[in-house]
Amino acid sequence: MIDIQNLTMHFGDDRVLEGVSASIPEGEVVSVIGPSGAGKSTFLRCINRLETPQSGHIFIGGEDILAPGADVPRIRRKTGMVFQSFNLFDHLTVLDNLILGPVRILNEAREVAEARGHELLRMVGLGEKALSLPCELSGGQKQRVAIARCLSMRPKVMLFDEPTSALDPTMVSEVLAVIRRLTREGMTMVIVTHELNFARDVSNRIFYMDEGGIYESGPPDQIMRAPQREKTRVFINRLRSFRYRIEHKDFDVFEMNADIETFCEKHFFRRKLMQHIQLAIEESLSLYFLRGNPGAITLTLSYSETEGTVQLLFEDQEASGDFLKAAEAGDELALTILKGIVHDIVWQPTPKGNRIVMTLNETS
Amino acid sequence: MDLPAIFQNLAESLDANVLQEQRYLLLLDGLKTTILISIGAIALGSLLGGVICRMRMARRLGVVVPAKIYIGIIRGIPLPVMLLLAYYVVFASVNISPVWVAIAAFAATFAAYAAEIYRAGIESIDSGQREAGLALGFTRVQTFTHIIAPQAVCRILPVYKGEVINLVKMTSVVGFIAVQDLTRTADIIRSRTFDAFFPLVLVAVLYFMISWLLLMTLTALEKRLQPRRSRQRSAGHD
Ligand SMILES: Nc1ncnc2c1ncn2[C@@H]1O[C@H](COP(=O)(O)OP(=O)(O)OP(=O)(O)O)[C@@H](O)[C@H]1O
Ligand SMILES: [Mg+2]
């Protein structure tokens with residue numbers, strides 16, 4: 001369906017894509033992941049030629065959209081693109097957003113286009129919103145309309161550029177559900193996303209982009225659980241973990257807790273597990289700051305899906321050793337609470353300070 | 001109180017300044033000229049402004065620069081000077097009515113301001129709208145006519161209205177090139193009747209009414225173009 005050959009795109013000195021090649025057969029769902037600035041959006045925008053690369057070929061259903069003299073608008077119609085910022089036509093009602101293309105480009109009769117528009121709106125769960133204006137919708141609703149608008153042009157391929165990144169966490173799942181539904185219908189799709197769980201569920205293949213191209217690609221399980229190359233591994237681990245550096249005893253505990261909640265929601269932790277995590281962190285920090293005037297401590301929260309465990313890692317640079325040990329001597333209530341929640345605590349000295357690893361079970 | 005006396009005075013003024021010697025015909029002519037110049041300059045200037053805006057927003061420098069120069073020059077010259085230049089220099093050797101010279105001069109001026117107003121309106125539309133249109137398969141031109149322009153118009157009109165009113169008022173300087181517009185007519189009547197108050201106030205009121213009517217028309221247009229939630233449609237429910 002999509003055949004990309006030797007795609008090269010530079011922005012000035014910025015070599016964003018260097019000779020990228022990839023082939024996506026009909027019905028395949030590819031998720032594109034990678035660090036910010038790796039060229040994921042650029043890659044996607046080259047496919048429908050919103051960006052014109054310096055060289056290369058992109059065949060969509062056999063036609064090269066980058067060929068000189070190509071009928072770009074016509075070839076573009078084979079693809080639909082969903083943007084991070086929705087980009088609904090603000091001056092038109094939801095229904096008019098859906099029929100503008102079919103009526104003006106495909107020359108469909110208005111009644112036909114409207115009937116199909118209503119049908120598509122029902123499909124994305126917004127049958128009642130046909131006559132609303134975009135500004136009257138929530139973010140999740142806007143994105144679902146944007147998907148329906150693409151579908152109204154009957155594309156062969158759907159391109160998604162971080163479709164849920166601009167949404168409140170509560171609205172992410174309604175949009176993902178609609179995309180999931182499309183995969184079941186056999187749509188060919190390329191999805192740039194930061195939602196690793198979603199990417200694993202829906203895609204046949206994952207492209208990890210870095211160093212000016214597709215650095216590693218493979219089936220989701222391989223990329224997520226056993227990446228072959230170093231940068232992929234680092235990236236996956238980082239996404240699976242959360243780091244927070246605490247400089248001072250009066251740090252912003254609300255900010256930290258909010259970040260932890262976001263992390264837990266992203267990995268679909270149960271509420272109880274999240275509360276345990278927050279409690280364990282709170283108690284550990286209170287013990288840590290009990291001792292005089294210690295320096296900064298770094299907290300890393302990471303999730304291992306295969307083992308169903310959550311790891312809490314505290315790293316400091318104090319010479320005075322295990323702060324939990326010190327607390328034990330003072331018979332601290334905090335320590336008792338901590339031991340009730342966590343499954344396992346290990347202290348390891350490091351060259352500069354201490355490492356304390358706590359393990360929580362997902363099902364605790 | 002001498003209320004009846006005031007009315008008496010008014011009636012006398014009206015009689016002397018408007019009715020005697022059929023001066024209302026003179027006023028009517030002046031009014032027609034002012035309206036003709038205003039409407040003509042607005043219509044032509046709006047169109048020319050579109051062309052200049054298109055040039056100003058082009059990608060090729062060879063097209064952009066002339067547009068920039070045009071806008072820069074026009075904005076730097078006082079309108080009466082423009083008018084005199086048009087009359088005594090540009091159209092000096094051409095035998096056309098000074099009314100047309102005035103229309104041309106005002107249209108040329110209006111175009112420069114209109115071009116910048118259009119441009120500001122178009123550039124205020126988020127680039128995502130354009131990209132969404134292109135991604136759906138619209139051509140560049142279709143994207144502009146169906147997606148960008150309808151949204152830009154709503155942002156352009158409020159500023160455009162102000163410029164229109166400005167133009168109507170600025171036409172009062174056409175007396176410089178011997179065109180008998182409303183202002184000039186008032187002045188002629190004043191010199192005959194030696195009454196400054198009545199003809200000038202009358203003309204002020206007339207200017208106000210022209211502006212007001214244009215404003216109302218454009219505001220009605222603006223209201224019509226606002227996006228509306230529900231439009232009655234037969235196919236709306238099934
Ligand atoms: N129009 C542009 N002009 C100049 N540089 C650009 C342009 N668009 C993108 N870039 C550069 O290209 C690089 C890749 O950008 P791109 O948006 O594709 O990254 P990304 O992987 O989508 O990142 P993110 O996850 O932040 O969206 C970046 O370094 C960016 O600065
Ligand atoms: Mg991006």
# chains A, B, ... in the order shown; residues from 1 in each chain; ligands from 1
$ closest_atom_pairs --of "chain A" --to "chain B" --cutoff "8 Å" --atoms "only C-alpha atoms" --output "CSV"
residue,atom,partner,partner_atom,distance
A:Asn48,CA,B:Ala135,CA,6.9
A:Leu50,CA,B:Glu131,CA,7.2
A:Pro73,CA,B:Gly137,CA,4.6
A:Arg74,CA,B:Gly137,CA,6.2
A:Ile75,CA,B:Gly137,CA,7.9
A:Arg76,CA,B:Gly137,CA,5.4
A:Arg77,CA,B:Gly137,CA,4.9
A:Thr79,CA,B:Ala135,CA,7.6
A:Gly80,CA,B:Leu136,CA,6.3
A:Met81,CA,B:Ala135,CA,6.2
A:Ser85,CA,B:Gly128,CA,7.8
A:Asn87,CA,B:Gly128,CA,5.5
A:Leu88,CA,B:Gln129,CA,7.1
A:Phe89,CA,B:Gln129,CA,6.4
A:Asp90,CA,B:Gln151,CA,7.8
A:His91,CA,B:Pro227,CA,5.1
A:Leu92,CA,B:Pro227,CA,6.4
A:Thr93,CA,B:Arg229,CA,6.5
A:Gly101,CA,B:Leu136,CA,6.9
A:Ile105,CA,B:Phe138,CA,6.8
A:Glu111,CA,B:Ala235,CA,6.6
A:Glu114,CA,B:Ala235,CA,7.1
A:Ala115,CA,B:Ala235,CA,7.6
A:Leu131,CA,B:Ser230,CA,5.2
A:Ser132,CA,B:Arg229,CA,5.4
A:Leu133,CA,B:Arg229,CA,5.7
A:Cys150,CA,B:Leu136,CA,6.8
A:Met153,CA,B:Leu136,CA,7.2
$ write_last_selection --atoms "N, CA and C atoms" --output "short mmCIF file (atom, residue, chain, number, x, y, z; two decimals), in the first residue's frame"
data_model
loop_
_atom_site.label_atom_id
_atom_site.label_comp_id
_atom_site.auth_asym_id
_atom_site.auth_seq_id
_atom_site.Cartn_x
_atom_site.Cartn_y
_atom_site.Cartn_z
N ASN A 48 1.98 12.19 2.94
CA ASN A 48 0.96 12.88 2.14
C ASN A 48 1.48 14.21 1.57
N LEU A 50 2.77 16.83 2.83
CA LEU A 50 2.64 18.14 3.48
C LEU A 50 4.05 18.73 3.62
N PRO A 73 -2.96 16.56 -5.10
CA PRO A 73 -4.26 16.51 -4.41
C PRO A 73 -4.99 15.18 -4.63
N ARG A 74 -4.88 14.63 -5.83
CA ARG A 74 -5.61 13.38 -6.09
C ARG A 74 -4.97 12.20 -5.33
N ILE A 75 -3.65 12.14 -5.34
CA ILE A 75 -3.00 11.03 -4.63
C ILE A 75 -3.21 11.19 -3.11
N ARG A 76 -3.22 12.44 -2.65
CA ARG A 76 -3.45 12.69 -1.23
C ARG A 76 -4.77 12.12 -0.74
N ARG A 77 -5.74 12.11 -1.65
CA ARG A 77 -7.07 11.63 -1.25
C ARG A 77 -7.06 10.18 -0.80
N THR A 79 -5.09 9.10 1.27
CA THR A 79 -4.71 9.09 2.68
C THR A 79 -5.58 10.08 3.45
N GLY A 80 -5.78 9.77 4.72
CA GLY A 80 -6.45 10.74 5.59
C GLY A 80 -5.49 11.02 6.72
N MET A 81 -5.45 12.28 7.18
CA MET A 81 -4.51 12.58 8.26
C MET A 81 -5.24 13.17 9.46
N SER A 85 -3.65 18.56 16.84
CA SER A 85 -4.50 19.68 17.26
C SER A 85 -5.84 19.70 16.52
N ASN A 87 -7.64 20.38 14.16
CA ASN A 87 -7.81 21.16 12.93
C ASN A 87 -9.16 21.00 12.28
N LEU A 88 -10.22 21.00 13.09
CA LEU A 88 -11.56 21.02 12.49
C LEU A 88 -11.77 22.39 11.87
N PHE A 89 -12.62 22.47 10.84
CA PHE A 89 -12.91 23.76 10.23
C PHE A 89 -13.88 24.51 11.16
N ASP A 90 -13.36 25.55 11.79
CA ASP A 90 -14.09 26.19 12.88
C ASP A 90 -15.36 26.90 12.43
N HIS A 91 -15.43 27.24 11.14
CA HIS A 91 -16.58 28.01 10.69
C HIS A 91 -17.74 27.11 10.24
N LEU A 92 -17.53 25.80 10.30
CA LEU A 92 -18.56 24.88 9.81
C LEU A 92 -19.07 24.01 10.95
N THR A 93 -20.34 23.60 10.82
CA THR A 93 -20.86 22.65 11.81
C THR A 93 -20.15 21.32 11.63
N GLY A 101 -15.60 17.97 1.94
CA GLY A 101 -14.75 17.24 1.00
C GLY A 101 -15.57 16.44 -0.01
N ILE A 105 -15.05 17.97 -3.48
CA ILE A 105 -13.98 17.28 -4.21
C ILE A 105 -14.51 16.06 -4.94
N GLU A 111 -27.25 15.32 -0.37
CA GLU A 111 -28.06 14.41 0.47
C GLU A 111 -27.29 13.12 0.76
N GLU A 114 -24.57 13.88 3.21
CA GLU A 114 -25.10 14.10 4.56
C GLU A 114 -25.50 12.78 5.21
N ALA A 115 -26.12 11.91 4.43
CA ALA A 115 -26.53 10.62 4.98
C ALA A 115 -25.31 9.86 5.48
N LEU A 131 -25.08 19.01 14.34
CA LEU A 131 -25.29 20.44 14.09
C LEU A 131 -24.53 21.35 15.06
N SER A 132 -23.66 20.77 15.86
CA SER A 132 -22.85 21.60 16.77
C SER A 132 -21.71 22.23 16.00
N LEU A 133 -21.17 23.28 16.57
CA LEU A 133 -19.95 23.87 16.03
C LEU A 133 -18.76 23.27 16.76
N CYS A 150 -12.00 12.48 8.05
CA CYS A 150 -11.08 11.77 7.15
C CYS A 150 -11.80 10.63 6.46
N MET A 153 -13.88 10.84 3.23
CA MET A 153 -13.24 10.87 1.91
C MET A 153 -12.86 9.47 1.44
#
$ residues_near_ligand --ligand "ligand 2" --cutoff "12 Å" --atoms "only C-alpha atoms and all ligand atoms" --output "PyMOL selection string"
chain A and resi 16+32-45+83-85+160-166+191-194+209
$ write_last_selection --atoms "N, CA, C and O atoms" --output "compact mmCIF listing (two decimals), in the first residue's frame"
# COMPACT_ATOMS: atom_id res chain seq x y z
N VAL A 16 16.97 15.53 9.13
CA VAL A 16 15.90 14.87 9.88
C VAL A 16 15.71 13.42 9.41
O VAL A 16 15.63 12.50 10.23
N VAL A 32 4.53 4.40 15.13
CA VAL A 32 5.84 5.03 15.07
C VAL A 32 6.12 5.66 16.42
O VAL A 32 5.34 6.49 16.90
N ILE A 33 7.20 5.24 17.06
CA ILE A 33 7.57 5.83 18.34
C ILE A 33 8.99 6.37 18.23
O ILE A 33 9.69 6.11 17.24
N GLY A 34 9.38 7.13 19.24
CA GLY A 34 10.74 7.66 19.21
C GLY A 34 10.79 8.97 19.97
O GLY A 34 9.77 9.57 20.27
N PRO A 35 12.01 9.42 20.30
CA PRO A 35 12.15 10.65 21.08
C PRO A 35 11.68 11.88 20.31
O PRO A 35 11.55 11.84 19.09
N SER A 36 11.42 12.94 21.05
CA SER A 36 11.01 14.20 20.43
C SER A 36 12.08 14.70 19.48
O SER A 36 13.26 14.65 19.80
N GLY A 37 11.65 15.14 18.31
CA GLY A 37 12.61 15.67 17.35
C GLY A 37 13.25 14.60 16.48
O GLY A 37 14.12 14.90 15.66
N ALA A 38 12.81 13.36 16.62
CA ALA A 38 13.41 12.27 15.83
C ALA A 38 12.94 12.29 14.39
O ALA A 38 13.50 11.61 13.54
N GLY A 39 11.89 13.06 14.10
CA GLY A 39 11.39 13.15 12.73
C GLY A 39 10.15 12.32 12.49
O GLY A 39 9.82 12.04 11.33
N LYS A 40 9.45 11.95 13.54
CA LYS A 40 8.23 11.14 13.38
C LYS A 40 7.17 11.91 12.59
O LYS A 40 6.61 11.39 11.62
N SER A 41 6.92 13.14 13.01
CA SER A 41 5.92 13.95 12.30
C SER A 41 6.36 14.20 10.87
O SER A 41 5.57 14.12 9.94
N THR A 42 7.63 14.52 10.71
CA THR A 42 8.15 14.79 9.37
C THR A 42 7.95 13.59 8.47
O THR A 42 7.50 13.72 7.32
N PHE A 43 8.26 12.41 8.98
CA PHE A 43 8.09 11.16 8.24
C PHE A 43 6.63 11.02 7.78
O PHE A 43 6.34 10.78 6.61
N LEU A 44 5.73 11.24 8.72
CA LEU A 44 4.30 11.09 8.42
C LEU A 44 3.85 12.14 7.40
O LEU A 44 3.10 11.84 6.47
N ARG A 45 4.34 13.36 7.57
CA ARG A 45 3.90 14.45 6.69
C ARG A 45 4.51 14.35 5.30
O ARG A 45 4.00 14.98 4.36
N PHE A 83 -4.61 15.11 12.98
CA PHE A 83 -3.56 15.94 13.58
C PHE A 83 -3.69 15.96 15.10
O PHE A 83 -4.78 15.78 15.65
N GLN A 84 -2.57 16.26 15.71
CA GLN A 84 -2.57 16.41 17.17
C GLN A 84 -3.56 17.48 17.61
O GLN A 84 -4.26 17.32 18.60
N SER A 85 -3.65 18.56 16.84
CA SER A 85 -4.50 19.68 17.26
C SER A 85 -5.84 19.70 16.52
O SER A 85 -6.42 20.75 16.31
N PHE A 160 -1.97 9.07 11.55
CA PHE A 160 -2.28 9.74 12.81
C PHE A 160 -1.00 10.34 13.38
O PHE A 160 -0.03 9.61 13.59
N ASP A 161 -1.01 11.63 13.67
CA ASP A 161 0.15 12.25 14.31
C ASP A 161 -0.19 12.59 15.76
O ASP A 161 -0.81 13.62 16.04
N GLU A 162 0.22 11.73 16.65
CA GLU A 162 -0.05 11.91 18.08
C GLU A 162 -1.49 12.34 18.34
O GLU A 162 -1.74 13.42 18.87
N PRO A 163 -2.46 11.50 17.99
CA PRO A 163 -3.86 11.92 18.05
C PRO A 163 -4.37 12.19 19.46
O PRO A 163 -5.39 12.85 19.61
N THR A 164 -3.66 11.70 20.48
CA THR A 164 -4.18 11.91 21.84
C THR A 164 -3.29 12.81 22.68
O THR A 164 -3.57 13.02 23.85
N SER A 165 -2.24 13.36 22.09
CA SER A 165 -1.30 14.13 22.92
C SER A 165 -1.86 15.44 23.43
O SER A 165 -1.40 15.96 24.44
N ALA A 166 -2.85 15.98 22.72
CA ALA A 166 -3.39 17.27 23.16
C ALA A 166 -4.62 17.09 24.05
O ALA A 166 -5.31 18.05 24.36
N ILE A 191 0.54 5.25 12.78
CA ILE A 191 0.17 6.01 13.97
C ILE A 191 1.42 6.43 14.74
O ILE A 191 2.16 5.59 15.24
N VAL A 192 1.64 7.74 14.79
CA VAL A 192 2.70 8.25 15.66
C VAL A 192 2.10 8.41 17.04
O VAL A 192 1.06 9.07 17.19
N THR A 193 2.67 7.79 18.03
CA THR A 193 2.04 7.84 19.35
C THR A 193 3.06 7.69 20.48
O THR A 193 4.15 7.16 20.28
N HIS A 194 2.68 8.19 21.65
CA HIS A 194 3.48 7.96 22.84
C HIS A 194 2.80 6.94 23.74
O HIS A 194 3.31 6.63 24.81
N MET A 209 11.97 5.37 15.74
CA MET A 209 12.74 6.31 14.92
C MET A 209 13.79 7.03 15.75
O MET A 209 13.52 7.49 16.86
$ atom_distance --atom1 "atom CA of Leu239 of chain A" --atom2 "atom CA of Gly140 of chain A"
23.4 Å
$ select_by_dssp --residues "segment 147-258 of chain A" --states "strand (DSSP E)" --output "PyMOL selection string"
chain A and resi 157-161+188-192+205-210+213-218+241-246
$ write_last_selection --atoms "N, CA, C and O atoms" --output "mmCIF file, in the first residue's frame"
data_model
loop_
_atom_site.group_PDB
_atom_site.id
_atom_site.type_symbol
_atom_site.label_atom_id
_atom_site.label_comp_id
_atom_site.auth_asym_id
_atom_site.auth_seq_id
_atom_site.Cartn_x
_atom_site.Cartn_y
_atom_site.Cartn_z
ATOM 1 N N VAL A 157 -5.633 4.775 3.399
ATOM 2 C CA VAL A 157 -4.643 4.770 4.476
ATOM 3 C C VAL A 157 -4.998 5.873 5.459
ATOM 4 O O VAL A 157 -5.436 6.943 5.050
ATOM 5 N N MET A 158 -4.822 5.622 6.739
ATOM 6 C CA MET A 158 -5.011 6.690 7.712
ATOM 7 C C MET A 158 -3.689 6.971 8.401
ATOM 8 O O MET A 158 -2.973 6.055 8.819
ATOM 9 N N LEU A 159 -3.366 8.271 8.496
ATOM 10 C CA LEU A 159 -2.145 8.696 9.164
ATOM 11 C C LEU A 159 -2.532 9.457 10.432
ATOM 12 O O LEU A 159 -3.360 10.362 10.379
ATOM 13 N N PHE A 160 -1.971 9.065 11.550
ATOM 14 C CA PHE A 160 -2.282 9.744 12.811
ATOM 15 C C PHE A 160 -1.005 10.338 13.384
ATOM 16 O O PHE A 160 -0.029 9.610 13.586
ATOM 17 N N ASP A 161 -1.014 11.634 13.669
ATOM 18 C CA ASP A 161 0.146 12.253 14.310
ATOM 19 C C ASP A 161 -0.189 12.592 15.760
ATOM 20 O O ASP A 161 -0.809 13.623 16.036
ATOM 21 N N THR A 188 -5.493 0.330 6.656
ATOM 22 C CA THR A 188 -4.040 0.490 6.739
ATOM 23 C C THR A 188 -3.752 1.777 7.522
ATOM 24 O O THR A 188 -4.324 2.816 7.204
ATOM 25 N N MET A 189 -2.900 1.699 8.516
ATOM 26 C CA MET A 189 -2.689 2.892 9.329
ATOM 27 C C MET A 189 -1.236 3.066 9.759
ATOM 28 O O MET A 189 -0.520 2.092 9.987
ATOM 29 N N VAL A 190 -0.845 4.328 9.842
ATOM 30 C CA VAL A 190 0.449 4.675 10.428
ATOM 31 C C VAL A 190 0.150 5.623 11.581
ATOM 32 O O VAL A 190 -0.468 6.669 11.394
ATOM 33 N N ILE A 191 0.539 5.247 12.781
ATOM 34 C CA ILE A 191 0.168 6.009 13.970
ATOM 35 C C ILE A 191 1.416 6.434 14.736
ATOM 36 O O ILE A 191 2.156 5.590 15.244
ATOM 37 N N VAL A 192 1.640 7.738 14.792
ATOM 38 C CA VAL A 192 2.700 8.251 15.659
ATOM 39 C C VAL A 192 2.097 8.407 17.039
ATOM 40 O O VAL A 192 1.062 9.072 17.187
ATOM 41 N N ARG A 205 3.313 -3.830 13.568
ATOM 42 C CA ARG A 205 4.730 -3.525 13.597
ATOM 43 C C ARG A 205 4.943 -2.187 14.266
ATOM 44 O O ARG A 205 4.087 -1.315 14.217
ATOM 45 N N ILE A 206 6.114 -2.037 14.857
ATOM 46 C CA ILE A 206 6.469 -0.756 15.459
ATOM 47 C C ILE A 206 7.759 -0.271 14.815
ATOM 48 O O ILE A 206 8.697 -1.048 14.623
ATOM 49 N N PHE A 207 7.755 1.008 14.451
ATOM 50 C CA PHE A 207 8.993 1.641 13.988
ATOM 51 C C PHE A 207 9.511 2.488 15.142
ATOM 52 O O PHE A 207 8.797 3.365 15.616
ATOM 53 N N TYR A 208 10.738 2.239 15.567
ATOM 54 C CA TYR A 208 11.360 3.148 16.512
ATOM 55 C C TYR A 208 12.263 4.073 15.705
ATOM 56 O O TYR A 208 13.191 3.618 15.039
ATOM 57 N N MET A 209 11.972 5.366 15.736
ATOM 58 C CA MET A 209 12.744 6.309 14.921
ATOM 59 C C MET A 209 13.794 7.029 15.746
ATOM 60 O O MET A 209 13.516 7.491 16.860
ATOM 61 N N ASP A 210 14.974 7.118 15.186
ATOM 62 C CA ASP A 210 16.075 7.825 15.842
ATOM 63 C C ASP A 210 17.208 7.925 14.817
ATOM 64 O O ASP A 210 17.196 7.203 13.821
ATOM 65 N N GLY A 213 16.299 8.133 10.959
ATOM 66 C CA GLY A 213 15.596 7.087 10.218
ATOM 67 C C GLY A 213 14.880 6.112 11.128
ATOM 68 O O GLY A 213 14.671 6.401 12.311
ATOM 69 N N ILE A 214 14.496 4.976 10.553
ATOM 70 C CA ILE A 214 13.872 3.928 11.348
ATOM 71 C C ILE A 214 15.003 3.113 11.957
ATOM 72 O O ILE A 214 15.628 2.309 11.297
ATOM 73 N N TYR A 215 15.276 3.370 13.206
ATOM 74 C CA TYR A 215 16.433 2.804 13.892
ATOM 75 C C TYR A 215 16.223 1.333 14.177
ATOM 76 O O TYR A 215 17.134 0.529 14.069
ATOM 77 N N GLU A 216 14.993 0.990 14.539
ATOM 78 C CA GLU A 216 14.673 -0.417 14.753
ATOM 79 C C GLU A 216 13.198 -0.628 14.472
ATOM 80 O O GLU A 216 12.364 0.200 14.817
ATOM 81 N N SER A 217 12.874 -1.728 13.831
ATOM 82 C CA SER A 217 11.472 -2.027 13.623
ATOM 83 C C SER A 217 11.238 -3.500 13.892
ATOM 84 O O SER A 217 12.155 -4.317 13.801
ATOM 85 N N GLY A 218 10.013 -3.804 14.256
ATOM 86 C CA GLY A 218 9.718 -5.187 14.553
ATOM 87 C C GLY A 218 8.345 -5.326 15.152
ATOM 88 O O GLY A 218 7.647 -4.330 15.344
ATOM 89 N N SER A 241 9.348 4.268 32.877
ATOM 90 C CA SER A 241 9.680 4.705 34.226
ATOM 91 C C SER A 241 9.466 6.205 34.391
ATOM 92 O O SER A 241 9.278 6.938 33.430
ATOM 93 N N PHE A 242 9.484 6.604 35.657
ATOM 94 C CA PHE A 242 9.220 7.989 35.993
ATOM 95 C C PHE A 242 10.300 8.434 36.962
ATOM 96 O O PHE A 242 10.577 7.745 37.941
ATOM 97 N N ARG A 243 10.928 9.562 36.662
ATOM 98 C CA ARG A 243 12.005 10.043 37.543
ATOM 99 C C ARG A 243 11.624 11.378 38.160
ATOM 100 O O ARG A 243 11.012 12.208 37.506
ATOM 101 N N TYR A 244 12.014 11.548 39.393
ATOM 102 C CA TYR A 244 11.745 12.826 40.037
ATOM 103 C C TYR A 244 12.889 13.123 40.997
ATOM 104 O O TYR A 244 13.292 12.261 41.776
ATOM 105 N N ARG A 245 13.414 14.331 40.927
ATOM 106 C CA ARG A 245 14.545 14.679 41.777
ATOM 107 C C ARG A 245 14.046 15.618 42.866
ATOM 108 O O ARG A 245 13.390 16.623 42.589
ATOM 109 N N ILE A 246 14.364 15.249 44.080
ATOM 110 C CA ILE A 246 13.897 16.062 45.207
ATOM 111 C C ILE A 246 15.098 16.741 45.832
ATOM 112 O O ILE A 246 16.033 16.092 46.324
#
$ select_by_dssp --residues "segment 175-269 of chain A" --states "helix (DSSP H, G or I)" --output "ChimeraX atom specification"
/A:175-184,196-202,220-225,230-239,253-266
$ closest_residue --among "A:Thr300, A:Ser173, A:Asn361, A:Thr52" --to "ligand 1" --atoms "only C-alpha atoms and all ligand atoms"
A:Thr52
$ residues_around --residues "Leu214 of chain B" --least-positions-apart "5" --cutoff "12 Å" --atoms "only C-alpha atoms" --output "list of chain:residue names"
B:Ile35, B:Ser38, B:Ile39, B:Ile42, B:Tyr160, B:Lys161, B:Gly162, B:Glu163, B:Val164, B:Ile165, B:Asn166, B:Leu167, B:Val168, B:Tyr207, B:Phe208, B:Met209, B:Thr219, B:Ala220, B:Leu221
$ write_last_selection --atoms "N, CA, C and O atoms" --output "compact mmCIF listing (two decimals), in the first residue's frame"
# COMPACT_ATOMS: atom_id res chain seq x y z
N ILE B 35 -21.35 59.89 -2.99
CA ILE B 35 -21.67 58.45 -2.93
C ILE B 35 -20.99 57.70 -4.06
O ILE B 35 -20.40 56.62 -3.83
N SER B 38 -17.30 57.38 -3.29
CA SER B 38 -17.08 56.44 -2.17
C SER B 38 -17.27 55.00 -2.62
O SER B 38 -16.37 54.16 -2.45
N ILE B 39 -18.44 54.73 -3.17
CA ILE B 39 -18.75 53.34 -3.54
C ILE B 39 -17.77 52.84 -4.61
O ILE B 39 -17.25 51.74 -4.52
N ILE B 42 -14.39 52.22 -3.04
CA ILE B 42 -14.41 51.05 -2.16
C ILE B 42 -14.43 49.76 -2.99
O ILE B 42 -13.67 48.82 -2.73
N TYR B 160 -12.12 46.29 8.37
CA TYR B 160 -12.48 46.80 7.05
C TYR B 160 -13.55 47.88 7.17
O TYR B 160 -13.47 48.92 6.51
N LYS B 161 -14.52 47.67 8.03
CA LYS B 161 -15.58 48.65 8.24
C LYS B 161 -15.00 50.01 8.60
O LYS B 161 -15.40 51.04 8.05
N GLY B 162 -14.05 50.01 9.51
CA GLY B 162 -13.44 51.26 9.94
C GLY B 162 -12.77 51.97 8.77
O GLY B 162 -12.87 53.19 8.62
N GLU B 163 -12.10 51.18 7.92
CA GLU B 163 -11.40 51.76 6.79
C GLU B 163 -12.39 52.35 5.78
O GLU B 163 -12.14 53.39 5.16
N VAL B 164 -13.54 51.70 5.63
CA VAL B 164 -14.59 52.19 4.72
C VAL B 164 -15.10 53.56 5.19
O VAL B 164 -15.21 54.51 4.42
N ILE B 165 -15.37 53.66 6.47
CA ILE B 165 -15.85 54.93 7.02
C ILE B 165 -14.82 56.03 6.81
O ILE B 165 -15.12 57.15 6.43
N ASN B 166 -13.57 55.66 7.07
CA ASN B 166 -12.49 56.61 6.86
C ASN B 166 -12.48 57.14 5.44
O ASN B 166 -12.32 58.34 5.21
N LEU B 167 -12.66 56.22 4.50
CA LEU B 167 -12.62 56.61 3.09
C LEU B 167 -13.75 57.59 2.78
O LEU B 167 -13.53 58.63 2.15
N VAL B 168 -14.96 57.27 3.22
CA VAL B 168 -16.11 58.15 2.95
C VAL B 168 -15.80 59.56 3.44
O VAL B 168 -16.02 60.54 2.73
N TYR B 207 -23.23 63.16 5.76
CA TYR B 207 -22.06 62.27 5.83
C TYR B 207 -22.30 61.18 6.86
O TYR B 207 -22.01 60.00 6.64
N PHE B 208 -22.81 61.63 7.99
CA PHE B 208 -23.05 60.66 9.05
C PHE B 208 -23.98 59.56 8.57
O PHE B 208 -23.77 58.37 8.83
N MET B 209 -25.01 59.98 7.79
CA MET B 209 -25.96 58.98 7.35
C MET B 209 -25.38 58.02 6.32
O MET B 209 -25.66 56.82 6.36
N THR B 219 -22.27 45.42 8.81
CA THR B 219 -22.53 44.69 10.05
C THR B 219 -23.52 43.55 9.80
O THR B 219 -23.37 42.45 10.34
N ALA B 220 -24.53 43.83 8.96
CA ALA B 220 -25.49 42.78 8.62
C ALA B 220 -24.78 41.62 7.93
O ALA B 220 -25.01 40.45 8.25
N LEU B 221 -23.86 41.98 7.03
CA LEU B 221 -23.08 40.95 6.32
C LEU B 221 -22.26 40.12 7.32
O LEU B 221 -22.23 38.90 7.27
$ closest_residue --among "A:Gln278, A:Pro169, A:Val202, A:Thr309" --to "Glu185 of chain A" --atoms "only C-alpha atoms"
A:Val202
$ residues_around --residues "segment 122-127 of chain A" --least-positions-apart "3" --cutoff "7 Å" --atoms "only C-alpha atoms" --output "list in words"
His118, Glu119, Ala130, Arg144, Ala148 and Val178 of chain A
$ write_last_selection --atoms "N, CA and C atoms" --output "short mmCIF file (atom, residue, chain, number, x, y, z; two decimals), in the first residue's frame"
data_model
loop_
_atom_site.label_atom_id
_atom_site.label_comp_id
_atom_site.auth_asym_id
_atom_site.auth_seq_id
_atom_site.Cartn_x
_atom_site.Cartn_y
_atom_site.Cartn_z
N HIS A 118 -23.89 11.48 8.67
CA HIS A 118 -24.59 11.06 9.89
C HIS A 118 -24.17 9.66 10.32
N GLU A 119 -24.02 8.81 9.31
CA GLU A 119 -23.62 7.43 9.60
C GLU A 119 -22.24 7.39 10.28
N ALA A 130 -24.22 16.46 15.20
CA ALA A 130 -24.11 16.84 13.79
C ALA A 130 -24.20 18.35 13.59
N ARG A 144 -12.57 12.84 17.49
CA ARG A 144 -13.39 11.81 16.86
C ARG A 144 -14.06 12.37 15.60
N ALA A 148 -13.72 11.05 11.75
CA ALA A 148 -14.88 10.83 10.86
C ALA A 148 -14.74 11.66 9.58
N VAL A 178 -11.95 4.51 19.09
CA VAL A 178 -12.35 4.69 17.69
C VAL A 178 -11.26 4.18 16.75
#
